[in-house]
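What follows is a set of notes on a single structure, which appears directly below.
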Amino acid sequence: MVIQQPNSQIKLTNVSVVRLRKGGKRFELACYKNKVMEWRTNVETDLDEVLQIHNVFFNVSKGQVSSKEDLKKCFKTEDMDKVIQEILKKGELQVAEKERTDQLETTWKDIANIVTDNCVNPQTKRPYTVTMIEKAMQDLHLSVNPKRSTKSQALDVIKQLQEKQILPIQRAQMKVRITLLQSKESKKLREKILTLVTSIEDEDSNSTEIELIALIDPGKYRSINDLLQNESKGKGQLEIMNLREKEEGDEKF
């Protein structure tokens, strides 16, 4: 005997769902994920290209369609496209479990790569391998957040590794050339600059200018640049010679 399915049930698979709660009820759209992002950035304007089916559900996975009464009561309109557009605009894009896991794994590896690219063992000046950084992240019991930028999370990892002394680590130093014109203020300006640099590798001066070759923490670059611009009246120069000063080679954990 064939069992008839209710007309309000539509089975859908391999869909991305946009969900919005409004008026105490849940409303969902069955969409193509990439097209949702394109619609939100005005790249795509055709709803039929965004939606797998042109309808509003209260449960996509079960194929249960929202009633016209609920739509009218909660959205104050019978215009289906206006309802759909509001859900697309304000709703939350749901992520499938496998996709969520893949995203977390990708974010985890991206964070580890950023830390590896920007840090060294301060004792040897050599970079750590990605595997070593990932092990250290595990020791931190790190939980990645897919909604935060990988760069900001990498900076947090560096800070935590330093604070908890899980392994010796510091940001790779930036090599810069700082040029000051000789003046009454240049000596004081030089002293202020010295408080912001990690070390001076070379220094040369003549009757017209002072040149410093220094290693600095990348986070100090803006402070040094602002100091030069403000106190040398734009006549001081800051030149990057090497973005990451480090010895190549792998450390053993």
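Just so we're on the same page: first chain in the structure tokens is A, next is B, and so on; residues restart at 1 for each chain, and ligands are numbered from 1 in the order they show up.
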Next on the checklist: Run DSSP on the backbone and tell me which residues of range 13-184 of chain A come out as alpha helix (DSSP H); list them as a ChimeraX atom specification.
Outcome noted: /A:33-40,47-50,68-75,80-90,97-118,130-139,150-164
Next on the checklist: as a PyMOL selection string, please: the residues near Ser207 in chain A (cut-off 10 Å, only C-alpha atoms, same-chain neighbours under 4 positions excluded).
Outcome noted: chain A and resi 181-183
Next on the checklist: Give me the residues near Met137 in chain A as a ChimeraX atom specification, where near means some atom within 12 Å (using only C-alpha atoms) and where sequence neighbours in that chain fewer than 5 positions away do not count.
Outcome noted: /A:108-109,111-113,115-116,130-132,142-144,153-154,156-162,164,166-167
Checklist entry - Smallest atom-to-atom distance to Asn34 in chain A: which of A:Val17, A:Ile178, A:Leu140, A:Leu155, using only C-alpha atoms? => result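 Looking at the shortest contact to Asn34 in chain A, the residue is A:Val17.
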Item to check | Filtered DSSP result for range 143-192 of chain A, state strand (DSSP E), as a PyMOL selection string | outcome: chain A and resi 170-171+173-181
Item to check | Å distance separating CA of Lys76 in chain A from CA of Leu51 in chain A, one decimal place | outcome: 22.0 Å
Checklist entry - With only C-alpha atoms as the atoms that count, which of A:Glu203, A:Asp102, A:Glu191, A:Asp48 lies nearest to Leu227 in chain A? => result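 The closest residue to Leu227 in chain A is A:Glu191.
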Next on the checklist: Just to confirm, what's the straight-line distance from CA of Lys73 in chain A to CA of Lys90 in chain A in Å (one decimal)?
Outcome noted: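 If I compute the distance from CA of Lys73 in chain A to CA of Lys90 in chain A, I get 17.6 Å.
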Checklist entry - Using only C-alpha atoms, which residues sit within 12 Å of Lys68 in chain A once same-chain residues fewer than 6 positions away are excluded, as a PyMOL selection string? => result chain A and resi 8+27+55-58+74-80+83
Item to check | Residue contacts of range 217-225 of chain A (7 Å, only C-alpha atoms) excluding same-chain residues fewer than 2 positions away, as a list in words | outcome: Arg171, Gln173, Met174, Ile193, Leu196, Thr198, Leu227, Leu228, Gln229 and Leu238 of chain A
Next on the checklist: I need the residue nearest Arg100 in chain A from this list: A:Gln170, A:Asn145, A:Gln52, A:Asn230. Use only C-alpha atoms for the distance.
Outcome noted: A:Asn145
Can you tell me, as a short mmCIF file (atom, residue, chain, number, x, y, z; two decimals) with N, CA, C and O atoms, in the first residue's frame, what residues are no more than 12 Å from Lys175 in chain A when counting only C-alpha atoms, ignoring any on the same chain fewer than 6 positions away?
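And here's around.cif as it stands now:
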data_model
loop_
_atom_site.label_atom_id
_atom_site.label_comp_id
_atom_site.auth_asym_id
_atom_site.auth_seq_id
_atom_site.Cartn_x
_atom_site.Cartn_y
_atom_site.Cartn_z
N VAL A 197 63.13 50.07 20.26
CA VAL A 197 63.77 49.03 19.46
C VAL A 197 64.26 47.89 20.35
O VAL A 197 64.51 48.08 21.54
N THR A 198 64.40 46.72 19.75
CA THR A 198 64.92 45.57 20.50
C THR A 198 66.42 45.64 20.62
O THR A 198 66.99 45.39 21.69
N SER A 199 67.08 45.97 19.52
CA SER A 199 68.54 46.10 19.54
C SER A 199 69.01 46.93 18.35
O SER A 199 68.31 47.05 17.34
N ILE A 200 70.19 47.52 18.51
CA ILE A 200 70.83 48.27 17.43
C ILE A 200 71.92 47.39 16.83
O ILE A 200 72.84 46.94 17.52
N GLU A 201 71.83 47.11 15.54
CA GLU A 201 72.83 46.28 14.88
C GLU A 201 73.98 47.11 14.33
O GLU A 201 75.12 46.64 14.24
N ASP A 202 73.68 48.35 13.95
CA ASP A 202 74.73 49.21 13.41
C ASP A 202 74.28 50.66 13.55
O ASP A 202 73.08 50.96 13.52
N LEU A 212 70.54 54.49 11.85
CA LEU A 212 70.48 53.35 12.76
C LEU A 212 69.95 52.13 12.02
O LEU A 212 68.93 52.24 11.32
N ILE A 213 70.62 51.00 12.16
CA ILE A 213 70.09 49.72 11.68
C ILE A 213 69.65 48.97 12.93
O ILE A 213 70.49 48.66 13.79
N ALA A 214 68.36 48.70 13.03
CA ALA A 214 67.83 48.15 14.27
C ALA A 214 66.87 46.99 14.02
O ALA A 214 66.28 46.86 12.95
N LEU A 215 66.74 46.16 15.05
CA LEU A 215 65.71 45.12 15.06
C LEU A 215 64.59 45.60 15.97
O LEU A 215 64.84 46.08 17.08
N ILE A 216 63.36 45.45 15.49
CA ILE A 216 62.20 45.89 16.28
C ILE A 216 61.11 44.83 16.26
O ILE A 216 61.04 44.01 15.34
N ASP A 217 60.30 44.86 17.28
CA ASP A 217 59.09 44.04 17.26
C ASP A 217 58.15 44.67 16.23
O ASP A 217 57.98 45.90 16.22
N PRO A 218 57.53 43.87 15.35
CA PRO A 218 56.64 44.44 14.33
C PRO A 218 55.55 45.35 14.92
O PRO A 218 55.11 46.30 14.27
N LYS A 220 55.91 47.49 17.11
CA LYS A 220 56.46 48.81 17.44
C LYS A 220 56.63 49.70 16.20
O LYS A 220 56.97 50.88 16.32
N TYR A 221 56.43 49.13 15.04
CA TYR A 221 56.68 49.87 13.80
C TYR A 221 55.89 51.18 13.75
O TYR A 221 56.44 52.25 13.48
N LEU A 238 61.92 55.98 7.98
CA LEU A 238 61.89 54.61 8.51
C LEU A 238 61.73 53.67 7.32
O LEU A 238 60.74 53.72 6.61
N GLU A 239 62.71 52.81 7.12
CA GLU A 239 62.72 51.91 5.97
C GLU A 239 62.79 50.47 6.45
O GLU A 239 63.63 50.12 7.29
N ILE A 240 61.93 49.62 5.92
CA ILE A 240 61.95 48.20 6.27
C ILE A 240 63.01 47.50 5.41
O ILE A 240 62.96 47.56 4.18
N MET A 241 63.94 46.84 6.07
CA MET A 241 64.99 46.11 5.36
C MET A 241 64.65 44.62 5.25
O MET A 241 64.98 43.96 4.28
N ASN A 242 63.99 44.11 6.28
CA ASN A 242 63.61 42.70 6.30
C ASN A 242 62.39 42.56 7.20
O ASN A 242 62.43 42.94 8.36
N LEU A 243 61.30 42.03 6.65
CA LEU A 243 60.07 41.91 7.44
C LEU A 243 60.21 40.94 8.60
O LEU A 243 59.65 41.14 9.67
N ARG A 244 60.95 39.84 8.38
CA ARG A 244 61.11 38.84 9.43
C ARG A 244 62.56 38.41 9.49
O ARG A 244 63.02 37.66 8.64
N GLU A 245 63.26 38.90 10.48
CA GLU A 245 64.67 38.57 10.64
C GLU A 245 64.78 37.28 11.45
O GLU A 245 64.52 37.26 12.65
N LYS A 246 65.12 36.17 10.78
CA LYS A 246 65.21 34.90 11.49
C LYS A 246 66.14 33.96 10.74
O LYS A 246 66.33 34.08 9.53
#
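Of the listed residues A:Arg40, A:Arg21, A:Lys235, A:Lys192, the one whose atoms come nearest to Lys89 in chain A is A:Arg40, with distances taken using only C-alpha atoms.
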Item to check | Proximity to Thr106 in chain A - best of A:Gln138, A:Thr129, A:Gln94, A:Thr150, only C-alpha atoms | outcome: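 Between A:Gln138, A:Thr129, A:Gln94, A:Thr150, the residue approaching Thr106 in chain A most closely is A:Thr150.
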